[in-house]
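Taking it in order: structure first as structure tokens, then the write-up.
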Amino acid sequence: MEKVRVRFAPSPTGPLHIGGVRTALYNYLFARRHGGTFILRIEDTDSQRYVAGAEKYITDSLAWCGIEVDEGVGPGGPHAPYRQSERKEIYLKYALQLVEAGHAYYAFDTPESLDELRAEAESRGEAFAYNHAVRGGLENSLNLPEAEVKERMERGDQWVIRFRTPENEEVVMNDIIRGEVRVNTSTLDDKVLYKSADSLPTYHLANIVDDHLMEITHVIRGEEWLPSLPLHFLLYRAFGWSESQPLFAHLPLLLKPTGQGKLSKRDGDKMGFPVFPLEWTSPTGEVSRGYREDGYFPEAFINMLALLGWNPGTEQEIFSMGELCDAFSLERVGKSGARFSPDKAKWFNAQYMHIKPDAELAALFMPVLREKGITADAARVEKIVGMVKPRATFVGDFWELSSFFFEAPAEYDPKTVQKFWKGDNPSRLRELRELLAGEADFSPPPLHDKVAAWITEKQYPMGQVMNCLRLSLVGASKGPDLFEIVSLLGRDETLARIDRALATLAVSDQ
């Protein structure tokens, strides 16, 4: 295989959807798998849809995801510039080359005249297409005298260059994921390639020219571009570049959680999950949630996305970025759409939560504690995080799971009180308090053994006594190992909380 060169080429028309992130990821993984180059190109020729801040959002999103750009916007490279708006002088030459070779033509039809043709076609129950069937009767250089074409251009009439699609020819294409694709050109229209109004190419021309000049070997893009593939094959042929044209792979759609239809922002808003990697504020002030701000780890987000459409062929689900690079292949990407599951996304984050070092998680939790006015020793927070992370999905869960380590319970769960704070249990807790007050070693194993032996000797019900102790320390029947809690709270705080519970809770009549 020749040196692999792939590109991710988004348009800065808004926030980067997670489907776009997956496209970038698959390009990146393919490049890394084959020792190739991952290029970021910004396709900003559609000035009408350009959104300020969108390009920075794209680059920030890739950086957060750990998708490193080798060449392109940011690092630069031998084919700079990598923004199409900065390359606009390049494209006219290639558009004119197609005209001169008879593969394209000038068209002077006004938007109003084309609207009339569309309305007429709709009145007949048909769809209008600017193609081989109608171009012979419209205002273009195929019909107008050469002198009139020249006169119109010199006086400043607006024009476009359209591709001259061959009539009734079967285009046979190969897609790495979908296999052989056949399309008859009679079903295609004559796409606009260049517009004099803004001196800019359309996507189709700029895309083909840039991929050729940047020596792209593989075009890995979303399924929505599959209908453009015949035109792109024909353009490569018209330019004489068929021998060097890239291989194509069209990725399956990301589907709604129901499996019906493409995943959209509306689905996320409705079901309460983000569809963008980072939080996005629109020019009108509308805020859309992001995976980063919702507390997802970038590694978990990437791992989840990688498996939406790609199957490693094994039972393995947790992959580091390096493992993904080693395992990825386009041949194992499916043809059918991949259904997005918000619950599975959370599951991935929980798995990464469980394997992350306690020190790293503690560092993420410390700002939360500071916001709550709590000053805590880093080593102690690290121990607490290690105890509660098996029950956590996000760092944001830590406070709910561990607040009792930092603050004595202000109230007690009524259901737990009703179930355990009854009969002789409060008096048994008083006895246990005295036992704990006389202990010098508060490390968990020996303290557990001592208390268990005492309960056995007294023939007290173990669950009743232990749940009363947990209730007094935590405020509810929850939390990690009870003697880990006792040990971390220490003797003085443990005894103080028992005293408070005994003084506060009334003995149930039940």
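Ordered as shown in the structure tokens, chains take letters A, B, and onward, while each chain numbers its residues from 1 and ligands are numbered from 1 in the order shown.
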
key: Residues within 6 Å of range 244-253 of chain A, only C-alpha atoms, excluding chain neighbours under 3 positions, as JSON, numbers by chain   = {"A": [175, 176, 177, 217, 218, 219, 220, 221, 222, 223, 241, 335, 336, 337]}

task = Name the residues of range 202-291 of chain A that come out as helix (DSSP H, G or I) in a backbone DSSP run; write them as a PyMOL selection string.
result = chain A and resi 203-213+223-239+242-244+265-271

query = From the list A:Lys56, A:Lys419, A:His448, A:Arg380, which residue is nearest Leu488 in chain A when using only C-alpha atoms?
reply = A:Arg380

query = Any idea what's packed within 10 Å of Asp269 in chain A, counting only C-alpha atoms, ignoring anything in its chain fewer than 5 positions away? Could you give it as a list in words?
reply =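 Those residues are Ser264, Pro274, Val275, Ser288 and Arg289 of chain A.
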
Would you pick out the contacts of range 28-35 of chain A at 10 Å or less, using only C-alpha atoms, so that residues sharing its chain but fewer than 2 positions from it are not included, and give the list as a PDB file with C-alpha atoms, in the first residue's frame?
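The file below, result.pdb, is the result:
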ATOM      1  CA  MET A   1       0.000   0.000   0.000  1.00  0.00           C
ATOM      2  CA  GLU A   2       1.256   3.477  -0.867  1.00  0.00           C
ATOM      3  CA  LYS A   3       1.789   5.972   1.932  1.00  0.00           C
ATOM      4  CA  VAL A   4      -1.659   6.480   3.434  1.00  0.00           C
ATOM      5  CA  ARG A   5      -2.957  10.052   3.475  1.00  0.00           C
ATOM      6  CA  VAL A   6      -6.471  10.701   4.774  1.00  0.00           C
ATOM      7  CA  ARG A   7      -8.312  13.902   5.550  1.00  0.00           C
ATOM      8  CA  PHE A   8     -11.122  15.076   7.790  1.00  0.00           C
ATOM      9  CA  ARG A  22     -16.638   9.393  14.486  1.00  0.00           C
ATOM     10  CA  THR A  23     -15.676  10.176  10.876  1.00  0.00           C
ATOM     11  CA  ALA A  24     -12.579  12.008  12.111  1.00  0.00           C
ATOM     12  CA  LEU A  25     -11.781   9.129  14.475  1.00  0.00           C
ATOM     13  CA  TYR A  26     -12.030   6.448  11.781  1.00  0.00           C
ATOM     14  CA  THR A  37      -0.891  11.011   7.744  1.00  0.00           C
ATOM     15  CA  PHE A  38      -4.094  12.492   9.179  1.00  0.00           C
ATOM     16  CA  ILE A  39      -4.962  15.876   7.628  1.00  0.00           C
ATOM     17  CA  ILE A  67      -7.276  12.977  17.740  1.00  0.00           C
ATOM     18  CA  GLU A  68      -3.933  14.472  16.739  1.00  0.00           C
ATOM     19  CA  VAL A  69      -3.677  16.390  13.474  1.00  0.00           C
ATOM     20  CA  ASP A  70      -0.472  15.625  11.542  1.00  0.00           C
ATOM     21  CA  HIS A 218      -8.440   7.190   0.968  1.00  0.00           C
ATOM     22  CA  ILE A 220     -13.461   7.996   4.490  1.00  0.00           C
ATOM     23  CA  ALA A 306     -15.310   3.585  17.821  1.00  0.00           C
ATOM     24  CA  MET A 321      -6.533   4.722  21.687  1.00  0.00           C
ATOM     25  CA  GLY A 322      -3.368   2.736  20.948  1.00  0.00           C
ATOM     26  CA  GLU A 323      -5.315  -0.534  20.914  1.00  0.00           C
ATOM     27  CA  LEU A 324      -7.910   0.989  18.586  1.00  0.00           C
ATOM     28  CA  CYS A 325      -5.148   2.094  16.212  1.00  0.00           C
ATOM     29  CA  ASP A 326      -3.702  -1.420  16.164  1.00  0.00           C
ATOM     30  CA  ALA A 327      -7.053  -3.183  15.694  1.00  0.00           C
ATOM     31  CA  PHE A 328      -8.983  -0.891  13.344  1.00  0.00           C
ATOM     32  CA  SER A 329      -9.811  -1.881   9.780  1.00  0.00           C
ATOM     33  CA  LEU A 330     -12.347  -0.516   7.309  1.00  0.00           C
TER      34      LEU A 330
END

task = Please provide as a PyMOL selection string all residues within 12 Å of Glu55 in chain A, with the sequence filter that same-chain residues fewer than 2 positions apart are discarded (counting only C-alpha atoms).
result = chain A and resi 9-16+40-44+50-53+57-62+73-74+83

Keeping only C-alpha atoms, write those residues as a CSV table (one decimal), in the first residue's frame.
chain,number,residue,atom,x,y,z
A,9,ALA,CA,-12.8,18.0,6.0
A,10,PRO,CA,-15.6,19.5,8.0
A,11,SER,CA,-17.5,22.7,7.2
A,12,PRO,CA,-17.5,25.4,9.9
A,13,THR,CA,-21.3,25.8,9.8
A,14,GLY,CA,-22.0,24.9,13.5
A,15,PRO,CA,-20.9,22.5,16.2
A,16,LEU,CA,-19.3,19.2,15.3
A,40,LEU,CA,-7.5,18.5,8.8
A,41,ARG,CA,-8.9,20.6,6.0
A,42,ILE,CA,-11.6,23.2,6.6
A,43,GLU,CA,-14.1,23.4,3.7
A,44,ASP,CA,-15.5,26.9,4.2
A,50,TYR,CA,-20.4,30.0,7.8
A,51,VAL,CA,-20.7,30.3,11.6
A,52,ALA,CA,-18.2,32.3,13.7
A,53,GLY,CA,-16.4,30.2,16.2
A,57,TYR,CA,-14.9,24.4,18.1
A,58,ILE,CA,-13.8,21.7,15.6
A,59,THR,CA,-10.1,22.0,16.5
A,60,ASP,CA,-10.9,22.1,20.3
A,61,SER,CA,-13.1,19.0,19.9
A,62,LEU,CA,-10.5,17.0,18.1
A,73,VAL,CA,-5.2,23.7,9.9
A,74,GLY,CA,-3.1,24.1,13.0
A,83,ARG,CA,-8.8,26.4,4.4

request  = Identify, with DSSP run on backbone atoms, the residues in range 289-377 of chain A assigned to strand (DSSP E or B), and express the list as a list in words.
outcome  =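 DSSP-assigned strand (DSSP E or B) residues in range 289-377 of chain A: Gly290, Trp310, Val333, Ala338 and Arg339 of chain A.
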
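In this structure, CA of Cys65 in chain A sits 5.2 Å away from CA of Pro298 in chain A.
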
Spatial neighbours of Gln464 in chain A, max dist 8 Å, only C-alpha atoms, sep filter under 3 positions, as a compact mmCIF listing (two decimals) with N, CA and C atoms, in the first residue's frame:
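What landed in result-v2.txt:
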# COMPACT_ATOMS: atom_id res chain seq x y z
N PHE A 420 -34.46 -0.15 61.14
CA PHE A 420 -33.41 -0.62 62.03
C PHE A 420 -33.39 0.06 63.41
N ASN A 425 -32.05 -2.07 69.63
CA ASN A 425 -30.91 -1.66 68.79
C ASN A 425 -30.22 -0.39 69.27
N PRO A 461 -28.17 -9.59 66.75
CA PRO A 461 -28.33 -9.74 65.29
C PRO A 461 -27.34 -8.81 64.56
N ASN A 467 -26.29 -2.00 60.78
CA ASN A 467 -27.06 -0.98 60.06
C ASN A 467 -27.36 0.23 60.93
N CYS A 468 -27.51 0.04 62.24
CA CYS A 468 -27.67 1.18 63.14
C CYS A 468 -26.39 2.00 63.20

ask   = Can you tell me, as a list of chain:residue names, what residues are no more than 10 Å from Leu234 in chain A when counting only C-alpha atoms, ignoring any on the same chain fewer than 3 positions away?
value = A:His103, A:Phe163, A:Arg164, A:Thr165, A:Pro166, A:Val171, A:Thr185, A:Leu229, A:Pro230, A:Leu231, A:Arg237, A:Ala238, A:Phe239, A:Gly240, A:Trp241, A:Ser242
